[in-house]
$ cat work39.txt   # compact mmCIF, C-alpha atoms
# COMPACT_ATOMS: atom_id res chain seq x y z
CA MET S 1 -1.35 9.50 -28.40
CA ARG S 2 -1.49 10.35 -24.70
CA GLU S 3 1.48 8.98 -22.79
CA PRO S 4 0.74 6.94 -19.63
CA ARG S 5 1.68 8.64 -16.38
CA CYS S 6 1.31 8.24 -12.65
CA GLY S 7 0.70 11.52 -10.86
CA ILE S 8 0.22 12.50 -7.23
CA THR S 9 -3.17 13.55 -5.91
CA PRO S 10 -3.11 17.23 -4.74
CA GLU S 11 -3.94 16.33 -1.12
CA GLY S 12 -0.61 14.50 -0.85
CA TRP S 13 1.78 17.32 -1.68
CA PRO S 14 1.72 19.14 1.71
CA LEU S 15 2.68 15.99 3.61
CA ILE S 16 5.24 14.92 1.00
CA GLY S 17 6.82 18.39 1.04
CA LEU S 18 6.94 18.49 4.83
CA LEU S 19 8.62 15.08 5.05
CA ALA S 20 11.13 15.98 2.32
CA LEU S 21 11.98 19.18 4.18
CA ALA S 22 12.34 17.27 7.45
CA ALA S 23 14.69 14.79 5.79
CA LEU S 24 16.81 17.63 4.36
CA VAL S 25 17.02 19.49 7.66
CA CYS S 26 17.96 16.32 9.57
CA ALA S 27 20.62 15.50 6.97
CA LEU S 28 22.13 19.00 7.20
CA LEU S 29 22.22 18.69 10.99
CA GLY S 30 23.94 15.32 10.74
CA TRP S 31 21.05 13.38 12.26
CA ALA S 32 21.36 10.24 10.18
CA ALA S 33 18.62 8.09 11.74
CA PRO S 34 15.87 10.78 11.68
CA ALA S 35 16.88 11.71 8.12
CA VAL S 36 16.52 8.11 6.94
CA ALA S 37 13.20 7.76 8.78
CA ALA S 38 11.86 10.95 7.15
CA LEU S 39 13.00 9.74 3.72
CA LEU S 40 11.24 6.41 4.21
CA LEU S 41 8.04 8.17 5.28
CA CYS S 42 8.36 10.48 2.27
CA TRP S 43 8.67 7.47 -0.05
CA PHE S 44 5.65 5.84 1.57
CA SER S 45 3.63 9.05 1.14
CA LEU S 46 4.59 9.24 -2.54
CA HIS S 47 3.42 5.65 -2.93
CA PHE S 48 0.21 6.20 -0.97
CA PHE S 49 -0.86 9.39 -2.77
CA ARG S 50 -0.09 8.08 -6.26
CA ASP S 51 -2.79 8.69 -8.84
CA PRO S 52 -2.26 6.59 -11.97
CA GLU S 53 -4.13 7.10 -15.23
CA ARG S 54 -6.81 4.51 -15.93
CA VAL S 55 -8.48 3.29 -19.14
CA THR S 56 -12.24 3.48 -18.50
CA PRO S 57 -14.59 1.20 -20.50
CA ARG S 58 -17.02 3.27 -22.58
CA ALA S 59 -19.59 0.64 -23.58
CA PRO S 60 -23.17 1.42 -22.49
CA GLY S 61 -24.82 -0.41 -19.60
CA LEU S 62 -21.65 -0.75 -17.52
CA ALA S 63 -20.40 0.66 -14.22
CA VAL S 64 -16.78 0.78 -13.07
CA SER S 65 -15.33 0.33 -9.62
CA PRO S 66 -15.25 3.51 -7.51
CA ALA S 67 -12.17 2.31 -5.61
CA ASP S 68 -9.06 0.15 -5.75
CA GLY S 69 -9.04 -2.85 -3.44
CA ARG S 70 -10.83 -6.12 -2.82
CA VAL S 71 -14.54 -6.84 -2.87
CA VAL S 72 -15.39 -7.88 0.69
CA ARG S 73 -19.22 -8.00 0.53
CA ILE S 74 -22.05 -8.22 -1.97
CA GLU S 75 -25.40 -8.06 -0.24
CA THR S 76 -28.77 -6.32 -0.18
CA ARG S 77 -29.10 -3.43 2.27
CA ARG S 78 -30.79 -0.04 2.54
CA ASP S 79 -28.81 2.74 0.96
CA PRO S 80 -28.24 5.73 3.26
CA MET S 81 -29.52 8.37 0.82
CA THR S 82 -32.93 7.03 -0.25
CA GLY S 83 -33.60 4.25 2.26
CA GLU S 84 -34.35 1.85 -0.60
CA LYS S 85 -33.12 -1.72 -0.51
CA ARG S 86 -30.40 -2.19 -3.11
CA VAL S 87 -27.58 -4.55 -3.94
CA CYS S 88 -24.46 -3.15 -2.26
CA ILE S 89 -20.89 -3.93 -3.30
CA SER S 90 -18.27 -3.14 -0.63
CA ILE S 91 -14.64 -2.55 -1.63
CA PHE S 92 -11.95 -2.51 1.04
CA MET S 93 -8.78 -0.46 0.49
CA ASN S 94 -5.67 -1.25 2.51
CA VAL S 95 -2.78 1.18 3.05
CA PHE S 96 -1.05 -0.04 -0.13
CA SER S 97 -4.04 0.58 -2.42
CA VAL S 98 -4.49 3.63 -4.61
CA HIS S 99 -6.91 5.75 -2.55
CA VAL S 100 -8.25 8.05 -5.26
CA ASN S 101 -11.98 7.41 -5.77
CA ARG S 102 -13.74 7.60 -9.14
CA SER S 103 -17.34 7.87 -10.27
CA PRO S 104 -18.83 4.47 -11.23
CA ALA S 105 -21.16 5.99 -13.83
CA ALA S 106 -21.79 9.20 -15.76
CA GLY S 107 -24.46 11.51 -14.39
CA THR S 108 -25.32 14.49 -12.23
CA VAL S 109 -24.73 14.61 -8.48
CA THR S 110 -28.14 15.09 -6.85
CA GLY S 111 -27.07 14.88 -3.23
CA VAL S 112 -24.06 14.72 -0.89
CA ARG S 113 -24.36 13.82 2.79
CA TYR S 114 -21.73 13.53 5.52
CA TRP S 115 -21.98 11.65 8.84
CA PRO S 116 -19.39 11.97 11.65
CA GLY S 117 -18.69 8.70 13.39
CA LYS S 118 -16.24 6.13 14.67
CA PHE S 119 -13.08 4.73 13.09
CA LEU S 120 -13.69 0.99 13.28
CA ASN S 121 -11.97 -1.45 10.94
CA ALA S 122 -13.53 -0.61 7.56
CA ALA S 123 -13.84 -4.30 6.69
CA LEU S 124 -16.40 -4.80 9.48
CA ASP S 125 -20.08 -4.81 8.53
CA LYS S 126 -21.04 -2.21 11.17
CA ALA S 127 -18.56 0.26 9.70
CA SER S 128 -21.21 1.13 7.08
CA SER S 129 -23.49 2.55 9.78
CA GLU S 130 -21.14 3.59 12.61
CA ASN S 131 -17.98 4.99 10.97
CA GLU S 132 -17.39 8.47 9.62
CA ARG S 133 -18.67 8.46 6.04
CA CYS S 134 -19.76 10.58 3.10
CA ALA S 135 -22.41 9.50 0.57
CA CYS S 136 -23.08 10.80 -2.95
CA ARG S 137 -26.19 10.20 -5.03
CA LEU S 138 -25.72 10.31 -8.81
CA ARG S 139 -28.51 10.29 -11.41
CA ASP S 140 -27.53 8.95 -14.83
CA ALA S 141 -28.99 9.77 -18.26
CA ASP S 142 -31.59 6.99 -17.87
CA GLY S 143 -32.85 8.46 -14.60
CA GLU S 144 -31.26 5.71 -12.49
CA ASP S 145 -29.84 6.63 -9.09
CA TRP S 146 -26.40 5.42 -8.02
CA VAL S 147 -25.27 5.83 -4.42
CA PHE S 148 -21.62 5.49 -3.41
CA VAL S 149 -20.36 5.93 0.14
CA GLN S 150 -16.82 6.72 1.28
CA ILE S 151 -16.22 5.14 4.70
CA ALA S 152 -13.28 6.00 6.96
CA GLY S 153 -11.40 3.07 8.48
CA LEU S 154 -9.26 2.16 11.46
CA ILE S 155 -6.33 4.35 10.39
CA ALA S 156 -8.14 6.76 8.06
CA ARG S 157 -8.88 10.13 9.59
CA ARG S 158 -10.02 12.19 6.63
CA ILE S 159 -12.57 11.70 3.87
CA ILE S 160 -12.14 14.01 0.89
CA CYS S 161 -15.16 14.42 -1.39
CA ARG S 162 -14.79 17.10 -4.07
CA ALA S 163 -18.20 16.40 -5.64
CA GLU S 164 -20.98 18.87 -4.94
CA GLU S 165 -24.68 18.80 -5.71
CA GLY S 166 -25.23 19.77 -9.35
CA ASP S 167 -21.81 18.57 -10.56
CA ALA S 168 -21.73 16.49 -13.74
CA LEU S 169 -19.39 13.51 -13.47
CA GLU S 170 -18.12 11.26 -16.25
CA ARG S 171 -17.71 7.53 -15.75
CA GLY S 172 -14.29 7.01 -14.17
CA GLN S 173 -13.83 10.68 -13.22
CA ARG S 174 -12.01 11.39 -9.96
CA PHE S 175 -14.27 12.78 -7.25
CA GLY S 176 -12.26 12.37 -4.03
CA MET S 177 -10.14 10.09 -1.87
CA ILE S 178 -9.81 8.67 1.65
CA ARG S 179 -6.54 8.76 3.53
CA PHE S 180 -5.16 5.35 4.54
CA GLY S 181 -7.15 2.12 5.07
CA SER S 182 -10.83 2.58 4.23
CA ARG S 183 -13.81 1.37 2.20
CA VAL S 184 -16.27 2.40 -0.51
CA ASP S 185 -19.80 0.98 -0.75
CA LEU S 186 -21.60 1.13 -4.10
CA TYR S 187 -25.40 0.74 -4.18
CA LEU S 188 -26.64 -0.42 -7.60
CA PRO S 189 -29.84 0.80 -9.28
CA GLU S 190 -32.52 -1.80 -9.94
CA GLY S 191 -31.76 -3.48 -13.25
CA TYR S 192 -28.00 -3.68 -12.69
CA LEU S 193 -26.22 -6.84 -11.57
CA PRO S 194 -22.77 -7.26 -9.96
CA ALA S 195 -20.03 -8.22 -12.41
CA VAL S 196 -17.57 -9.17 -9.65
CA CYS S 197 -17.44 -11.69 -6.83
CA VAL S 198 -16.30 -11.53 -3.20
CA GLY S 199 -12.51 -11.63 -2.93
CA GLU S 200 -11.92 -10.18 -6.39
CA LYS S 201 -9.39 -7.37 -6.78
CA VAL S 202 -10.67 -4.28 -8.58
CA PHE S 203 -9.23 -1.00 -9.86
CA ALA S 204 -11.00 2.36 -9.68
CA GLY S 205 -12.27 3.70 -12.98
CA GLN S 206 -11.14 0.61 -14.86
CA SER S 207 -12.64 -2.63 -13.53
CA ILE S 208 -16.22 -3.34 -14.61
CA ILE S 209 -18.12 -3.82 -11.36
CA ALA S 210 -21.74 -3.99 -12.57
CA GLN S 211 -23.71 -4.27 -15.79
CA LYS S 212 -27.28 -3.86 -16.94
CA ARG S 213 -29.41 -6.99 -17.10
CA ASP S 214 -29.96 -8.29 -20.62
CA ASP S 215 -33.67 -7.56 -20.45
CA ASP S 216 -32.91 -3.92 -19.57
CA ALA S 217 -30.12 -3.38 -22.06

$ encode --input "work39.txt" --output "C-alpha cells"
Amino acid sequence: MREPRCGITPEGWPLIGLLALAALVCALLGWAAPAVAALLLCWFSLHFFRDPERVTPRAPGLAVSPADGRVVRIETRRDPMTGEKRVCISIFMNVFSVHVNRSPAAGTVTGVRYWPGKFLNAALDKASSENERCACRLRDADGEDWVFVQIAGLIARRIICRAEEGDALERGQRFGMIRFGSRVDLYLPEGYLPAVCVGEKVFAGQSIIAQKRDDDA
C-alpha cells in the first residue's frame, strides 16, 4: 500500500533554499529580526509550494477539478482555443491554496497557447481576457476537446505549464502551477454538465467537477 505524503513542487525549492540560507546567515551574524523574518518566509514558501497526493476518481464519464480553490463562476463563454461557446467553470486560488494544477481528464494535448497580459485580480471577469494566461487543449479517447486556462492574478507573476503538444496526460496528472493568487478556467465539452456550484470548494485531481449527461453516458 502506498503511504500518503505531501511533497514540494520542484519550482519551490530554489526560493525555499534561498530563504533558509538567508535565515542561517542572519542567525550566524546575530541579526535576530531578519533571521526570524526569513524563517517565517521560508515556512510560508514550504506551505505555498506543497504538493499533496490526491485520490483521483477513476469512473468513466467524470472530470476532476484542475485546481484547488473555490468555484467563482459557471457560465457560457467562448473558449480561447477554438472560439466555440462552452460552459466554463472558473476556480479561484488564493495564496493559501495548493497551486499545483492537474489535468481534468485523460487525453492527448493537442495545443498550448500563451498570452502576455495584465495582472488584475483573478476573481474579476475581465481577467479571463486581459490577464497573462496559458491555455491547453486536450482531446480525450472519445474525441471530446477539453480546454483549461491558467490565469495569473494580482500577485501571481509566473505561470508554469509543463504540458506540451503531443503529451499524453492521465486524469488528475500534474501539468503545472501558478505562483500565488490566481485562477483556472475549465471549458467543458458538449455533453458534460457541471457537478459543482458557485461558492463550492474543490481540490485538484480529486473533486468531481463535471460529468457526462445520462443520455451520453

$ atom_distance --input "work39.txt" --atom1 "atom CA of Lys201 of chain S" --atom2 "atom CA of Trp115 of chain S"
27.6 Å

$ atom_distance --input "work39.txt" --atom1 "atom CA of Arg50 of chain S" --atom2 "atom CA of Pro66 of chain S"
15.9 Å

$ residues_around --input "work39.txt" --residues "Ala168 of chain S" --least-positions-apart "6" --cutoff "10 Å" --atoms "only C-alpha atoms" --output "PyMOL selection string"
chain S and resi 106-110+138-140

$ atom_distance --input "work39.txt" --atom1 "atom CA of Glu164 of chain S" --atom2 "atom CA of Gln211 of chain S"
25.7 Å

$ axis_aligned_box --input "work39.txt" --around "segment 192-197 of chain S" --padding-each-side "5 Å" --output "lines of an AutoDock Vina configuration file"
center_x = -22.7
center_y = -7.7
center_z = -9.8
size_x = 20.6
size_y = 18.0
size_z = 15.9

$ residues_around --input "work39.txt" --residues "Val184 of chain S" --least-positions-apart "5" --cutoff "12 Å" --atoms "all atoms listed in the file" --output "number ranges by chain"
S: 65-73, 88-94, 99-104, 122-123, 127-128, 131-136, 147-153, 159, 176-178, 202, 204

$ closest_residue --input "work39.txt" --among "S:Ser97, S:Arg158, S:Ile208, S:Ala105" --to "Arg179 of chain S" --atoms "only C-alpha atoms"
S:Arg158

$ closest_residue --input "work39.txt" --among "S:Pro34, S:Gly172, S:Gly205, S:Gly143" --to "Glu190 of chain S" --atoms "all atoms listed in the file"
S:Gly143

$ closest_residue --input "work39.txt" --among "S:Ile160, S:Ala141, S:Cys26, S:Arg86" --to "Tyr114 of chain S" --atoms "only C-alpha atoms"
S:Ile160

$ residues_around --input "work39.txt" --residues "Phe48 of chain S" --least-positions-apart "3" --cutoff "12 Å" --atoms "all atoms listed in the file" --output "list in words"
Cys6, Gly7, Ile8, Thr9, Glu11, Gly12, Trp13, Leu15, Ile16, Leu41, Cys42, Trp43, Phe44, Ser45, Asp51, Pro52, Met93, Asn94, Val95, Phe96, Ser97, Val98, His99, Val100, Met177, Ile178, Arg179, Phe180 and Gly181 of chain S

$ closest_residue --input "work39.txt" --among "S:Gly191, S:Pro116, S:Pro57, S:Gly111" --to "Glu165 of chain S" --atoms "only C-alpha atoms"
S:Gly111

$ decode --input "work39.txt" --residues "segment 27-115 of chain S" --atoms "C-alpha atoms" --output "short mmCIF file (atom, residue, chain, number, x, y, z; two decimals), in the first residue's frame"
data_model
loop_
_atom_site.label_atom_id
_atom_site.label_comp_id
_atom_site.auth_asym_id
_atom_site.auth_seq_id
_atom_site.Cartn_x
_atom_site.Cartn_y
_atom_site.Cartn_z
CA ALA S 27 21.39 33.96 12.60
CA LEU S 28 25.17 33.49 12.39
CA LEU S 29 25.62 37.26 12.14
CA GLY S 30 23.40 37.79 15.17
CA TRP S 31 20.66 39.60 13.25
CA ALA S 32 17.69 38.24 15.15
CA ALA S 33 14.85 40.13 13.44
CA PRO S 34 15.95 39.41 9.83
CA ALA S 35 16.59 35.77 10.77
CA VAL S 36 13.07 35.37 12.16
CA ALA S 37 11.59 37.14 9.12
CA ALA S 38 13.49 34.83 6.74
CA LEU S 39 12.35 31.77 8.71
CA LEU S 40 8.72 32.91 8.54
CA LEU S 41 9.01 33.47 4.78
CA CYS S 42 10.64 30.05 4.43
CA TRP S 43 7.74 28.44 6.31
CA PHE S 44 5.23 30.27 4.12
CA SER S 45 7.06 29.10 0.97
CA LEU S 46 7.01 25.50 2.20
CA HIS S 47 3.27 25.84 2.77
CA PHE S 48 2.65 27.53 -0.57
CA PHE S 49 4.64 25.07 -2.69
CA ARG S 50 3.23 21.96 -1.00
CA ASP S 51 2.09 19.23 -3.36
CA PRO S 52 -0.06 16.63 -1.59
CA GLU S 53 -1.03 13.28 -3.07
CA ARG S 54 -4.63 13.07 -4.24
CA VAL S 55 -7.01 10.14 -4.81
CA THR S 56 -8.44 10.60 -8.32
CA PRO S 57 -11.84 9.06 -9.17
CA ARG S 58 -11.49 6.51 -11.99
CA ALA S 59 -15.13 6.01 -13.01
CA PRO S 60 -15.87 6.79 -16.68
CA GLY S 61 -17.71 9.96 -17.72
CA LEU S 62 -16.21 12.16 -14.99
CA ALA S 63 -13.83 15.12 -14.90
CA VAL S 64 -11.89 16.33 -11.87
CA SER S 65 -11.02 19.84 -10.81
CA PRO S 66 -7.83 21.23 -12.38
CA ALA S 67 -7.15 23.44 -9.35
CA ASP S 68 -7.67 23.86 -5.62
CA GLY S 69 -9.88 26.76 -4.58
CA ARG S 70 -13.44 28.00 -4.83
CA VAL S 71 -15.75 27.99 -7.82
CA VAL S 72 -16.42 31.66 -8.57
CA ARG S 73 -18.28 31.40 -11.91
CA ILE S 74 -20.19 28.92 -14.03
CA GLU S 75 -21.25 30.47 -17.30
CA THR S 76 -21.24 30.05 -21.07
CA ARG S 77 -18.43 31.81 -22.93
CA ARG S 78 -16.18 31.30 -25.94
CA ASP S 79 -13.13 29.24 -25.19
CA PRO S 80 -9.85 30.86 -26.26
CA MET S 81 -8.56 27.88 -28.25
CA THR S 82 -11.45 27.01 -30.58
CA GLY S 83 -13.75 30.03 -30.28
CA GLU S 84 -16.68 27.73 -29.55
CA LYS S 85 -19.24 28.61 -26.91
CA ARG S 86 -18.88 26.26 -23.96
CA VAL S 87 -19.82 26.04 -20.31
CA CYS S 88 -16.89 27.49 -18.35
CA ILE S 89 -16.15 26.74 -14.69
CA SER S 90 -13.80 29.27 -13.03
CA ILE S 91 -11.82 28.28 -9.93
CA PHE S 92 -10.10 30.97 -7.88
CA MET S 93 -6.98 30.09 -5.87
CA ASN S 94 -5.91 32.34 -3.01
CA VAL S 95 -2.38 32.44 -1.55
CA PHE S 96 -3.23 29.65 0.91
CA SER S 97 -4.44 27.18 -1.74
CA VAL S 98 -2.36 24.38 -3.19
CA HIS S 99 -1.24 25.86 -6.53
CA VAL S 100 -0.30 22.69 -8.39
CA ASN S 101 -2.64 22.21 -11.38
CA ARG S 102 -3.86 18.82 -12.61
CA SER S 103 -5.44 17.54 -15.80
CA PRO S 104 -9.27 17.28 -15.53
CA ALA S 105 -9.44 14.34 -17.95
CA ALA S 106 -7.26 11.76 -19.67
CA GLY S 107 -6.20 12.52 -23.22
CA THR S 108 -3.60 13.97 -25.55
CA VAL S 109 -2.57 17.62 -25.54
CA THR S 110 -3.40 19.00 -29.00
CA GLY S 111 -2.47 22.62 -28.40
CA VAL S 112 -0.83 25.02 -25.94
CA ARG S 113 -1.11 28.80 -26.27
CA TYR S 114 0.30 31.62 -24.14
CA TRP S 115 -0.87 35.25 -23.95
#
